[in-house]
Every structure is written in C-alpha cells, then in structure tokens.
Amino acid sequence: MPAELIVIDGPAGAGKSTVARRIADLFGAALLDTGAIYRSLAWLARGRGVAWEDEAGLAAIAAELRIEFQPPAEPGTRQRVLILSPLEAPERGPIDVTGLIRSPEISEGASRVSQHAAVRGALLDIQRAIAATSVAAGRGCVAEGRDMGTVVFPDAAHKFFLTATRDARASRRHKELTASGELAASGEAPSRSEVETEMARRDQRDSSRETAPLQQAKDAALIDSSELDIDAVVARIVAAVRGPGQTTA
Ligand code: DC
C-alpha cells in the first residue's frame, strides 16, 4: 500500500484504538493516538497544579509538550507513550505515562482540557508533524481521534467514522479496563456502571463543544461496530483502503 494517511474518528469505546493499531500493524504504518496527547496534557497539568478549566495555562503547557510514541512493551498491546523533557525534571529524561494516562480521572481531564480552542490549536502542529514524518518516511500513518477527518487532516486519503451503541461501548471499555491491567499503575478499577456514566458525560461534552466537536466528516465511511467484532471492522477498513479487486497484501 502507498504511504498514506488513514484516519479513524469516533466516540470512546467504539473500538477505535484496537482497530487503528491492527490497521497500522497490517500496513506497517505509524499509529498516531491523539487521545493520548490530550491525556498527557491533562496528566501534566494535574501534576503542575494547573486547572483543567485554565485555558491559558493549559495552552502554555501544550505549546511545550513533546510526545513520542514507541513500540509496545508486548506485541498486540498499546504502544508506549513518552513525555519528553518536561520542565519540572529535565534530568529525569522521558516519562513513560502509558499506564498513568488511562485512569478514569485522566479520561475526564482529557475530555475537559480538549474543550478549549487555544489548547486544540496548540496541539495541531504536534499531531501534523508526527503524521507528516511517517508519511514522508514512506511508512504511512493511521491517526485516531475525534476530529482527524474534519479538522486536523481534512485531506486524508482514507477516512472512517467508527461508532456503536453506548451499551456496547461501555461493556467493551469496562472489559478492556479490567482485563488488560492498564490501571495497575493508578490502582483504580471502575465498575461497569461507573464506566457507562463517565462515557455518557464524555460523549455529551465531546460532541457539543464549540471547537472541533466529535463529528463524522462528510467524506468519511461510517462503520457501526455494535454487532461486528474487531476482525470484521478491520476487514472492512482494509478492503476500503485497498480498493475494489485488491484482496491480497
Ligand atoms: O480517545 P481517548 O478516549 O483517549 O480520548 C480522550 C479524550 O481526549 C476524549 O474524551 C476527547 C479528547 N480528544 C479530542 O478532543 N480530540 C481528539 N482528536 C482525541 C481525543
């Protein structure tokens, strides 16, 4: 496949992260997890005592934020997320926040910090630079988030909007959180109903914000994963990217 940009948007729990990872692996492309960038910003802000409502304070942190994605510790798991050279402890070197940014508190924080136009603007360059580097290197990139197809990469070669009923998404997210040990670092393990309540709040906030709300791009293909397993979703995307008649790698 040519080195292209594939974007996948959609709400939490629709299967975006897993699907994006599988597609990136299949095509040997880089994976740009933009939610991890908002999560890292929320995590840094909390550590510095900057409120998630403080737009100017958050934008200042966003402007200096340097993030690197590295291959996962184990194949098939989430890639590692490193924050580079944070001001408070440059001698510490990169901070591995892979597990730390998955707690319910930071999920809520990421959704809140992402409301601010100045924050979104300050994070545009970091997202575009990561994708551009991979595409220029001939690898291609799979970018996942909420506004990839509408705002950050309006000219992406392939756009998908992946969604599912809230019930299906909450069940999946709860299973993922409890099974993967992702929360081991934070020691928090929410119940199924806590996950659903948090999801409903985030859905509402992410979809109704003024700047770059969660929205399907006009030219994005809609996939409802409520009744589909991951393999079926991946197969649909791969077929669409390869185009008619292309069934092999
Ligand atoms: O995909 P995620 O659950 O890791 O995203 C965490 C939050 O970050 C989500 O609630 C909204 C925000 N976000 C965003 O506003 N824009 C993106 N492109 C990605 C995430």
# chains A, B, ... in the order shown; residues from 1 in each chain; ligands from 1

$ closest_atom_pairs --of "chain A" --to "ligand 1" --cutoff "7 Å" --atoms "only C-alpha atoms and all ligand atoms" --output "Markdown table"
| residue | atom | partner | partner_atom_place_in_ligand_line | distance |
| --- | --- | --- | --- | --- |
| A:Ala12 | CA | ligand 1 | 3 (O) | 5.1 |
| A:Thr34 | CA | ligand 1 | 19 (C) | 4.7 |
| A:Gly35 | CA | ligand 1 | 4 (O) | 3.5 |
| A:Ala36 | CA | ligand 1 | 4 (O) | 5.3 |
| A:Tyr38 | CA | ligand 1 | 8 (O) | 5.0 |
| A:Arg39 | CA | ligand 1 | 6 (C) | 5.9 |
| A:Ser107 | CA | ligand 1 | 6 (C) | 5.6 |
| A:Glu108 | CA | ligand 1 | 10 (O) | 6.8 |
| A:Ala110 | CA | ligand 1 | 7 (C) | 4.5 |
| A:Ser111 | CA | ligand 1 | 10 (O) | 3.8 |
| A:Ser114 | CA | ligand 1 | 15 (O) | 4.6 |
| A:Gln115 | CA | ligand 1 | 15 (O) | 6.9 |
| A:Glu144 | CA | ligand 1 | 18 (N) | 6.8 |
| A:Gly145 | CA | ligand 1 | 18 (N) | 3.6 |
| A:Arg146 | CA | ligand 1 | 18 (N) | 4.1 |
| A:Asp147 | CA | ligand 1 | 18 (N) | 5.0 |
| A:Met148 | CA | ligand 1 | 18 (N) | 6.0 |
| A:Arg202 | CA | ligand 1 | 10 (O) | 5.5 |
| A:Asp206 | CA | ligand 1 | 11 (C) | 5.7 |

$ write_last_selection --atoms "N, CA, C and O atoms" --output "PDB file, in the first residue's frame"
ATOM      1  N   ALA A  12     -15.597   7.221  22.407  1.00  0.00           N
ATOM      2  CA  ALA A  12     -14.866   6.269  23.248  1.00  0.00           C
ATOM      3  C   ALA A  12     -15.564   4.909  23.213  1.00  0.00           C
ATOM      4  O   ALA A  12     -16.791   4.829  23.194  1.00  0.00           O
ATOM      5  N   THR A  34      -4.212  10.264  19.085  1.00  0.00           N
ATOM      6  CA  THR A  34      -4.297  11.668  19.519  1.00  0.00           C
ATOM      7  C   THR A  34      -4.947  11.809  20.890  1.00  0.00           C
ATOM      8  O   THR A  34      -4.689  12.778  21.599  1.00  0.00           O
ATOM      9  N   GLY A  35      -5.776  10.839  21.287  1.00  0.00           N
ATOM     10  CA  GLY A  35      -6.344  10.887  22.634  1.00  0.00           C
ATOM     11  C   GLY A  35      -5.229  10.847  23.673  1.00  0.00           C
ATOM     12  O   GLY A  35      -5.309  11.497  24.724  1.00  0.00           O
ATOM     13  N   ALA A  36      -4.151  10.103  23.380  1.00  0.00           N
ATOM     14  CA  ALA A  36      -3.024  10.009  24.319  1.00  0.00           C
ATOM     15  C   ALA A  36      -2.352  11.374  24.501  1.00  0.00           C
ATOM     16  O   ALA A  36      -1.786  11.656  25.562  1.00  0.00           O
ATOM     17  N   TYR A  38      -4.003  14.374  24.382  1.00  0.00           N
ATOM     18  CA  TYR A  38      -4.871  15.127  25.314  1.00  0.00           C
ATOM     19  C   TYR A  38      -4.752  14.570  26.734  1.00  0.00           C
ATOM     20  O   TYR A  38      -4.762  15.305  27.721  1.00  0.00           O
ATOM     21  N   ARG A  39      -4.631  13.264  26.834  1.00  0.00           N
ATOM     22  CA  ARG A  39      -4.483  12.638  28.154  1.00  0.00           C
ATOM     23  C   ARG A  39      -3.165  13.076  28.810  1.00  0.00           C
ATOM     24  O   ARG A  39      -3.105  13.357  30.014  1.00  0.00           O
ATOM     25  N   SER A 107      -9.082  10.352  32.091  1.00  0.00           N
ATOM     26  CA  SER A 107     -10.043  10.327  30.972  1.00  0.00           C
ATOM     27  C   SER A 107     -10.932  11.560  31.045  1.00  0.00           C
ATOM     28  O   SER A 107     -11.191  12.238  30.047  1.00  0.00           O
ATOM     29  N   GLU A 108     -11.404  11.833  32.247  1.00  0.00           N
ATOM     30  CA  GLU A 108     -12.255  13.009  32.464  1.00  0.00           C
ATOM     31  C   GLU A 108     -11.443  14.292  32.185  1.00  0.00           C
ATOM     32  O   GLU A 108     -11.924  15.209  31.525  1.00  0.00           O
ATOM     33  N   ALA A 110      -8.848  14.685  30.245  1.00  0.00           N
ATOM     34  CA  ALA A 110      -8.543  14.830  28.815  1.00  0.00           C
ATOM     35  C   ALA A 110      -9.748  15.414  28.092  1.00  0.00           C
ATOM     36  O   ALA A 110      -9.623  16.298  27.236  1.00  0.00           O
ATOM     37  N   SER A 111     -10.936  14.934  28.456  1.00  0.00           N
ATOM     38  CA  SER A 111     -12.152  15.438  27.826  1.00  0.00           C
ATOM     39  C   SER A 111     -12.335  16.923  28.164  1.00  0.00           C
ATOM     40  O   SER A 111     -12.750  17.721  27.325  1.00  0.00           O
ATOM     41  N   SER A 114      -9.699  19.218  26.422  1.00  0.00           N
ATOM     42  CA  SER A 114      -9.875  19.244  24.966  1.00  0.00           C
ATOM     43  C   SER A 114     -10.990  20.197  24.529  1.00  0.00           C
ATOM     44  O   SER A 114     -11.200  20.400  23.342  1.00  0.00           O
ATOM     45  N   GLN A 115     -11.728  20.774  25.511  1.00  0.00           N
ATOM     46  CA  GLN A 115     -12.791  21.734  25.170  1.00  0.00           C
ATOM     47  C   GLN A 115     -12.239  23.065  24.687  1.00  0.00           C
ATOM     48  O   GLN A 115     -12.903  23.786  23.962  1.00  0.00           O
ATOM     49  N   GLU A 144      -5.924   8.304  14.924  1.00  0.00           N
ATOM     50  CA  GLU A 144      -7.257   8.107  15.505  1.00  0.00           C
ATOM     51  C   GLU A 144      -7.579   9.174  16.528  1.00  0.00           C
ATOM     52  O   GLU A 144      -6.691   9.633  17.250  1.00  0.00           O
ATOM     53  N   GLY A 145      -8.853   9.599  16.532  1.00  0.00           N
ATOM     54  CA  GLY A 145      -9.254  10.634  17.485  1.00  0.00           C
ATOM     55  C   GLY A 145     -10.713  11.010  17.322  1.00  0.00           C
ATOM     56  O   GLY A 145     -11.583  10.146  17.172  1.00  0.00           O
ATOM     57  N   ARG A 146     -10.996  12.333  17.406  1.00  0.00           N
ATOM     58  CA  ARG A 146     -12.368  12.819  17.301  1.00  0.00           C
ATOM     59  C   ARG A 146     -12.531  13.760  16.108  1.00  0.00           C
ATOM     60  O   ARG A 146     -13.621  13.903  15.586  1.00  0.00           O
ATOM     61  N   ASP A 147     -11.437  14.442  15.747  1.00  0.00           N
ATOM     62  CA  ASP A 147     -11.522  15.473  14.705  1.00  0.00           C
ATOM     63  C   ASP A 147     -10.454  15.285  13.637  1.00  0.00           C
ATOM     64  O   ASP A 147     -10.021  16.235  13.003  1.00  0.00           O
ATOM     65  N   MET A 148     -10.039  14.057  13.431  1.00  0.00           N
ATOM     66  CA  MET A 148      -8.989  13.801  12.446  1.00  0.00           C
ATOM     67  C   MET A 148      -9.469  14.145  11.032  1.00  0.00           C
ATOM     68  O   MET A 148      -8.798  14.868  10.295  1.00  0.00           O
ATOM     69  N   ARG A 202     -18.708  12.100  28.906  1.00  0.00           N
ATOM     70  CA  ARG A 202     -17.690  12.466  27.915  1.00  0.00           C
ATOM     71  C   ARG A 202     -18.292  12.609  26.517  1.00  0.00           C
ATOM     72  O   ARG A 202     -17.967  13.523  25.780  1.00  0.00           O
ATOM     73  N   ASP A 206     -17.814  15.884  24.472  1.00  0.00           N
ATOM     74  CA  ASP A 206     -17.002  15.833  23.247  1.00  0.00           C
ATOM     75  C   ASP A 206     -17.821  16.202  22.001  1.00  0.00           C
ATOM     76  O   ASP A 206     -17.280  16.738  21.035  1.00  0.00           O
TER      77      ASP A 206
END

$ select_by_dssp --residues "stretch 175-231 of chain A" --states "alpha helix (DSSP H)" --output "list in words"
Lys175, Glu176, Leu177, Thr178, Ala179, Arg192, Ser193, Glu194, Val195, Glu196, Thr197, Glu198, Met199, Ala200, Arg201, Arg202, Asp203, Gln204, Arg205, Asp206, Ser207, Ser208, Ile230 and Asp231 of chain A

$ closest_atom_pairs --of "stretch 91-186 of chain A" --to "stretch 23-30 of chain A" --cutoff "12 Å" --atoms "only C-alpha atoms" --output "CSV"
residue,atom,partner,partner_atom,distance
A:Ile130,CA,A:Ala30,CA,8.8
A:Ala131,CA,A:Ala30,CA,7.8
A:Ala132,CA,A:Ala30,CA,10.4
A:Thr133,CA,A:Ala30,CA,9.5
A:Ser134,CA,A:Ala30,CA,6.2
A:Val135,CA,A:Ala29,CA,8.4
A:Ala136,CA,A:Ala30,CA,11.4
A:Ala137,CA,A:Ala29,CA,10.0
A:Gly138,CA,A:Ala29,CA,8.6
A:Arg139,CA,A:Ala29,CA,4.9
A:Gly140,CA,A:Ala29,CA,4.7
A:Cys141,CA,A:Ala30,CA,4.6
A:Val142,CA,A:Ala24,CA,5.8
A:Ala143,CA,A:Ala30,CA,8.4
A:Glu144,CA,A:Ala24,CA,10.7

$ write_last_selection --atoms "C-alpha atoms" --output "PDB file, in the first residue's frame"
ATOM      1  CA  ILE A 130       4.054  13.112  13.694  1.00  0.00           C
ATOM      2  CA  ALA A 131       1.892  12.116  10.716  1.00  0.00           C
ATOM      3  CA  ALA A 132       3.991  14.037   8.180  1.00  0.00           C
ATOM      4  CA  THR A 133       7.212  12.410   9.372  1.00  0.00           C
ATOM      5  CA  SER A 134       5.769   8.912   8.940  1.00  0.00           C
ATOM      6  CA  VAL A 135       4.229   9.597   5.551  1.00  0.00           C
ATOM      7  CA  ALA A 136       7.446  11.241   4.296  1.00  0.00           C
ATOM      8  CA  ALA A 137       9.426   8.229   5.503  1.00  0.00           C
ATOM      9  CA  GLY A 138       7.228   6.026   3.303  1.00  0.00           C
ATOM     10  CA  ARG A 139       5.508   4.313   6.235  1.00  0.00           C
ATOM     11  CA  GLY A 140       2.091   5.863   6.149  1.00  0.00           C
ATOM     12  CA  CYS A 141       0.164   6.714   9.301  1.00  0.00           C
ATOM     13  CA  VAL A 142      -3.070   5.704  10.972  1.00  0.00           C
ATOM     14  CA  ALA A 143      -4.403   8.624  13.046  1.00  0.00           C
ATOM     15  CA  GLU A 144      -7.257   8.107  15.505  1.00  0.00           C
TER      16      GLU A 144
END

$ atom_distance --atom1 "atom CA of A:Arg46" --atom2 "atom CA of A:Gly93"
19.2 Å

$ residues_around --residues "A:Arg120" --least-positions-apart "3" --cutoff "12 Å" --atoms "only C-alpha atoms" --output "VMD selection string"
chain A and resid 34 to 35 37 to 38 41 55 to 56 58 to 63 110 to 117 123 to 127 146 to 148 151 to 152 209 to 213

$ residues_around --residues "A:Val19" --least-positions-apart "6" --cutoff "10 Å" --atoms "only C-alpha atoms" --output "list in words"
Ile8, Asp25, Val142, Glu144, Leu162, Ile230, Asp231, Ala232, Val233, Val234, Ala235 and Ile237 of chain A

$ write_last_selection --atoms "C-alpha atoms" --output "PDB file, in the first residue's frame"
ATOM      1  CA  ILE A   8     -10.386   6.902  12.200  1.00  0.00           C
ATOM      2  CA  ASP A  25       0.403  -3.178  12.064  1.00  0.00           C
ATOM      3  CA  VAL A 142      -3.070   5.704  10.972  1.00  0.00           C
ATOM      4  CA  GLU A 144      -7.257   8.107  15.505  1.00  0.00           C
ATOM      5  CA  LEU A 162     -16.384   4.164  13.837  1.00  0.00           C
ATOM      6  CA  ILE A 230     -12.810  -6.355  15.643  1.00  0.00           C
ATOM      7  CA  ASP A 231     -11.789  -8.678  12.807  1.00  0.00           C
ATOM      8  CA  ALA A 232     -14.848  -7.715  10.779  1.00  0.00           C
ATOM      9  CA  VAL A 233     -14.237  -3.993  11.292  1.00  0.00           C
ATOM     10  CA  VAL A 234     -10.578  -4.362  10.337  1.00  0.00           C
ATOM     11  CA  ALA A 235     -11.536  -6.344   7.226  1.00  0.00           C
ATOM     12  CA  ILE A 237     -11.340  -0.879   6.508  1.00  0.00           C
TER      13      ILE A 237
END

$ closest_residue --among "A:Arg48, A:Arg201, A:Arg21, A:Arg92" --to "A:Pro71" --atoms "only C-alpha atoms"
A:Arg21

$ closest_residue --among "A:Ser207, A:Ser40, A:Gln79, A:Gln70" --to "A:Ile101" --atoms "only C-alpha atoms"
A:Ser40

$ atom_distance --atom1 "atom CA of A:Gly57" --atom2 "atom CA of A:Ala45"
8.4 Å

$ closest_residue --among "A:Arg22, A:Ala189, A:Leu177, A:Pro90" --to "A:Pro75" --atoms "only C-alpha atoms"
A:Arg22

$ residues_around --residues "A:Phe161" --least-positions-apart "6" --cutoff "8 Å" --atoms "only C-alpha atoms" --output "PyMOL selection string"
chain A and resi 8-10+216-217+220-223
